[in-house]
Amino acid sequence: MKYKLSPSLLTWLRCFDAAARNNSFTKAAAELHVTQGSVSQQVKRLEDHLGVVLFHRTRRSLVLSQDGFRLAIAVSQSFQVLDDALGQLRRNGNQALSLSCSPSFAMVWLTPRLGQLLRENPDLSVRVHGEFQALDRYRMEEEHIQAGIRFDLGRYSDLYAEEFLDEWLIPVASPSFIAAHPEIKQPADLPSAFMLHDAMPWDNAKEYTEWNTWLEGVDSPVPATHDGQHFNLSQLAITAALTGQGVAMGRMALVLDDLTKGRLAPIFATPVRSKASYYFISNSQGMENIGIIETWLNRESKRFQQVRDAWLKTLR
């Protein structure tokens, strides 16, 4: 006899599956968020429909019959196939893609450009989460993060990670700050108290690493102590510089717009290559949406590099 899987029959099978796995109507009811009586009644209807006994019931136990055991295996395997197929469809469908991004980069570089990506791909939905915590395969799987962007050294042993944009460092300040301090003509003239710091530009970065990298790159002494203000985001240090509080170590991806519009100016005209770059990270290679984002990032970063490099040439 061929059975049609009606909604009622599927409900009975789901209750039977839960009871078989738990060996208990009570535990099955808790799992399904219904009453114990409802589960018992649905299983009884399935037994009546099939004309067989699926459970041997006693006051203290619930034991599968031989027919019940055979059906339990078939139902369990069938539901597993359905769960796997639905999960795969959900992962590959048009659900919002979770993109974890370094906060300052997300605010200044990514978000202003994101509208163009979405206009070009109207079926694409992206949720950007600004955060700087380290990414690994376990965390991405547990928190359902499909992709990430990080400014760091790119040392990912268990994830796909591809550099899409290099970075250059240059000290920047507001024009009013520079005008108020004509005595600062070379790096050695800059008091460490005026240096504004991103305290940890990437996960596990050494303290003061960006200022020290730049100073070493221009053959200037590194201060014995760094007395300037410390922030936990590069963008906060840049904001402090915009308001005349000192000199921030600018990453070109974050300050180019302010430089071209005159809100900031380079206090010294020598850029130094950062040790860190921007990396696109994923644990789900092959997903169409992830491929679309990576291709777009590579395209936009090339456009940005052309504008950035043209501006840097004006400093020579």
# chains A, B, ... in the order shown; residues from 1 in each chain; ligands from 1
>>> residues_around(residues="Val128 (chain A)", least_positions_apart="4", cutoff="7 Å", atoms="only C-alpha atoms", output="compact mmCIF listing (two decimals) with C-alpha atoms, in the first residue's frame")
# COMPACT_ATOMS: atom_id res chain seq x y z
CA SER A 98 26.92 37.89 8.10
CA LEU A 99 30.11 39.90 7.50
CA SER A 100 32.33 40.61 10.50
CA CYS A 101 34.51 43.66 9.86
>>> select_by_dssp(residues="region 68-154 of chain A", states="strand (DSSP E)", output="list in words")
Leu97, Ser98, Leu99, Ser100, Cys101, Val126, Arg127, Val128, His129, Gly130, Ala147, Gly148, Ile149, Arg150, Phe151 and Asp152 of chain A
>>> write_last_selection(atoms="N, CA and C atoms", output="mmCIF file, in the first residue's frame")
data_model
loop_
_atom_site.group_PDB
_atom_site.id
_atom_site.type_symbol
_atom_site.label_atom_id
_atom_site.label_comp_id
_atom_site.auth_asym_id
_atom_site.auth_seq_id
_atom_site.Cartn_x
_atom_site.Cartn_y
_atom_site.Cartn_z
ATOM 1 N N LEU A 97 23.881 37.577 4.534
ATOM 2 C CA LEU A 97 25.218 37.079 4.802
ATOM 3 C C LEU A 97 25.824 37.891 5.928
ATOM 4 N N SER A 98 26.326 37.223 6.942
ATOM 5 C CA SER A 98 26.916 37.894 8.101
ATOM 6 C C SER A 98 28.384 38.179 7.822
ATOM 7 N N LEU A 99 28.741 39.470 7.794
ATOM 8 C CA LEU A 99 30.110 39.902 7.496
ATOM 9 C C LEU A 99 30.678 40.622 8.712
ATOM 10 N N SER A 100 31.660 40.018 9.351
ATOM 11 C CA SER A 100 32.332 40.614 10.500
ATOM 12 C C SER A 100 33.491 41.465 10.001
ATOM 13 N N CYS A 101 33.525 42.734 10.425
ATOM 14 C CA CYS A 101 34.513 43.663 9.860
ATOM 15 C C CYS A 101 35.146 44.523 10.944
ATOM 16 N N VAL A 126 23.412 41.737 3.068
ATOM 17 C CA VAL A 126 24.621 41.659 3.890
ATOM 18 C C VAL A 126 24.372 42.349 5.230
ATOM 19 N N ARG A 127 24.729 41.661 6.307
ATOM 20 C CA ARG A 127 24.692 42.266 7.644
ATOM 21 C C ARG A 127 26.119 42.460 8.126
ATOM 22 N N VAL A 128 26.513 43.708 8.308
ATOM 23 C CA VAL A 128 27.880 44.024 8.714
ATOM 24 C C VAL A 128 27.934 44.171 10.232
ATOM 25 N N HIS A 129 28.859 43.439 10.839
ATOM 26 C CA HIS A 129 29.065 43.517 12.288
ATOM 27 C C HIS A 129 30.457 44.092 12.537
ATOM 28 N N GLY A 130 30.529 45.276 13.138
ATOM 29 C CA GLY A 130 31.816 45.879 13.442
ATOM 30 C C GLY A 130 32.410 45.271 14.701
ATOM 31 N N ALA A 147 31.675 35.390 6.556
ATOM 32 C CA ALA A 147 32.869 36.044 6.017
ATOM 33 C C ALA A 147 33.316 37.145 6.971
ATOM 34 N N GLY A 148 34.567 37.567 6.810
ATOM 35 C CA GLY A 148 35.090 38.614 7.674
ATOM 36 C C GLY A 148 36.122 39.454 6.941
ATOM 37 N N ILE A 149 36.336 40.656 7.450
ATOM 38 C CA ILE A 149 37.409 41.528 6.985
ATOM 39 C C ILE A 149 38.201 41.945 8.210
ATOM 40 N N ARG A 150 39.506 41.722 8.161
ATOM 41 C CA ARG A 150 40.354 42.069 9.295
ATOM 42 C C ARG A 150 41.594 42.825 8.812
ATOM 43 N N PHE A 151 42.006 43.785 9.630
ATOM 44 C CA PHE A 151 43.276 44.477 9.438
ATOM 45 C C PHE A 151 44.264 43.824 10.383
ATOM 46 N N ASP A 152 45.139 42.995 9.849
ATOM 47 C CA ASP A 152 46.103 42.290 10.693
ATOM 48 C C ASP A 152 47.212 41.699 9.834
#
>>> select_by_dssp(residues="region 50-248 of chain A", states="alpha helix (DSSP H)", output="VMD selection string")
chain A and resid 50 66 to 92 103 to 105 111 to 120 137 to 142 175 to 180 209 to 217 234 to 242
>>> closest_atom_pairs(of="region 118-164 of chain A", to="region 277-300 of chain A", cutoff="10 Å", atoms="only C-alpha atoms", output="Markdown table")
| residue | atom | partner | partner_atom | distance |
| --- | --- | --- | --- | --- |
| A:Leu118 | CA | A:Ile293 | CA | 9.9 |
| A:Glu120 | CA | A:Trp296 | CA | 9.9 |
| A:Asn121 | CA | A:Ile292 | CA | 8.6 |
| A:Asp123 | CA | A:Asn289 | CA | 9.5 |
| A:Leu124 | CA | A:Asn289 | CA | 7.0 |
| A:Ser125 | CA | A:Asn289 | CA | 8.8 |
| A:Val126 | CA | A:Asn289 | CA | 9.2 |
| A:Leu135 | CA | A:Ile281 | CA | 8.5 |
| A:Asp136 | CA | A:Asn283 | CA | 8.7 |
| A:Arg137 | CA | A:Asn283 | CA | 6.4 |
| A:Tyr138 | CA | A:Asn283 | CA | 9.6 |
| A:Met140 | CA | A:Asn283 | CA | 7.4 |
| A:Glu141 | CA | A:Asn283 | CA | 8.0 |
| A:Ile145 | CA | A:Ser282 | CA | 8.4 |
| A:Gln146 | CA | A:Ser282 | CA | 6.1 |
| A:Ala147 | CA | A:Ser282 | CA | 4.5 |
| A:Gly148 | CA | A:Ile281 | CA | 4.9 |
| A:Ile149 | CA | A:Phe280 | CA | 4.8 |
| A:Arg150 | CA | A:Tyr279 | CA | 5.4 |
| A:Phe151 | CA | A:Tyr278 | CA | 4.5 |
| A:Asp152 | CA | A:Ser277 | CA | 5.7 |
| A:Leu153 | CA | A:Ser277 | CA | 6.4 |
| A:Gly154 | CA | A:Tyr279 | CA | 6.5 |
| A:Arg155 | CA | A:Tyr279 | CA | 9.9 |
| A:Tyr156 | CA | A:Ile281 | CA | 8.6 |
| A:Asp158 | CA | A:Asn283 | CA | 8.2 |
| A:Leu159 | CA | A:Asn283 | CA | 5.4 |
| A:Tyr160 | CA | A:Ser282 | CA | 5.3 |
| A:Ala161 | CA | A:Ile281 | CA | 4.4 |
| A:Glu162 | CA | A:Tyr279 | CA | 5.3 |
| A:Glu163 | CA | A:Tyr279 | CA | 4.3 |
| A:Phe164 | CA | A:Asn298 | CA | 5.7 |
>>> closest_residue(among="A:Met195, A:Leu9, A:Val272, A:Ala265", to="Asp219 (chain A)", atoms="only C-alpha atoms")
A:Val272
>>> residues_around(residues="Ala193 (chain A)", least_positions_apart="3", cutoff="12 Å", atoms="only C-alpha atoms", output="number ranges by chain")
A: 189-190, 196-197, 223-230, 245-248
>>> write_last_selection(atoms="C-alpha atoms", output="PDB file, in the first residue's frame")
ATOM      1  CA  ASP A 189      60.455  67.674  17.130  1.00  0.00           C
ATOM      2  CA  LEU A 190      57.140  65.915  17.898  1.00  0.00           C
ATOM      3  CA  LEU A 196      47.435  59.821  19.427  1.00  0.00           C
ATOM      4  CA  HIS A 197      47.325  56.021  19.551  1.00  0.00           C
ATOM      5  CA  PRO A 223      60.313  57.532  22.403  1.00  0.00           C
ATOM      6  CA  ALA A 224      61.229  55.798  25.651  1.00  0.00           C
ATOM      7  CA  THR A 225      57.626  56.347  26.758  1.00  0.00           C
ATOM      8  CA  HIS A 226      54.459  57.142  24.831  1.00  0.00           C
ATOM      9  CA  ASP A 227      52.501  59.735  26.772  1.00  0.00           C
ATOM     10  CA  GLY A 228      49.801  60.589  24.239  1.00  0.00           C
ATOM     11  CA  GLN A 229      46.130  59.649  24.401  1.00  0.00           C
ATOM     12  CA  HIS A 230      45.146  56.041  23.805  1.00  0.00           C
ATOM     13  CA  GLN A 245      43.993  67.200  20.076  1.00  0.00           C
ATOM     14  CA  GLY A 246      47.215  65.932  18.537  1.00  0.00           C
ATOM     15  CA  VAL A 247      48.689  63.844  15.736  1.00  0.00           C
ATOM     16  CA  ALA A 248      47.138  60.495  14.799  1.00  0.00           C
TER      17      ALA A 248
END
>>> residues_around(residues="Leu259 (chain A)", least_positions_apart="3", cutoff="12 Å", atoms="only C-alpha atoms", output="NGL selection string")
:A and (170-175 or 238 or 242 or 250-256 or 262-267 or 308 or 311-312 or 314-315)
>>> write_last_selection(atoms="C-alpha atoms", output="CSV table (one decimal), in the first residue's frame")
chain,number,residue,atom,x,y,z
A,170,ILE,CA,51.2,58.7,7.7
A,171,PRO,CA,51.0,61.0,10.7
A,172,VAL,CA,48.0,63.4,10.3
A,173,ALA,CA,46.7,66.4,12.2
A,174,SER,CA,44.2,69.2,11.7
A,175,PRO,CA,45.4,72.2,9.8
A,238,ILE,CA,41.5,60.2,14.0
A,242,LEU,CA,40.3,66.2,13.6
A,250,GLY,CA,46.7,57.7,9.9
A,251,ARG,CA,46.0,54.6,7.8
A,252,MET,CA,45.4,55.8,4.3
A,253,ALA,CA,42.2,53.7,3.9
A,254,LEU,CA,40.8,55.6,6.8
A,255,VAL,CA,42.1,59.2,6.3
A,256,LEU,CA,42.3,59.7,2.5
A,262,GLY,CA,41.4,69.4,3.8
A,263,ARG,CA,40.0,68.3,7.1
A,264,LEU,CA,43.4,66.7,7.9
A,265,ALA,CA,46.9,67.2,6.6
A,266,PRO,CA,50.1,65.2,6.8
A,267,ILE,CA,52.3,66.7,9.4
A,308,ARG,CA,45.6,56.7,-3.0
A,311,TRP,CA,47.7,61.3,-3.9
A,312,LEU,CA,50.8,59.9,-2.3
A,314,THR,CA,51.9,64.6,-4.7
A,315,LEU,CA,53.9,64.4,-1.4
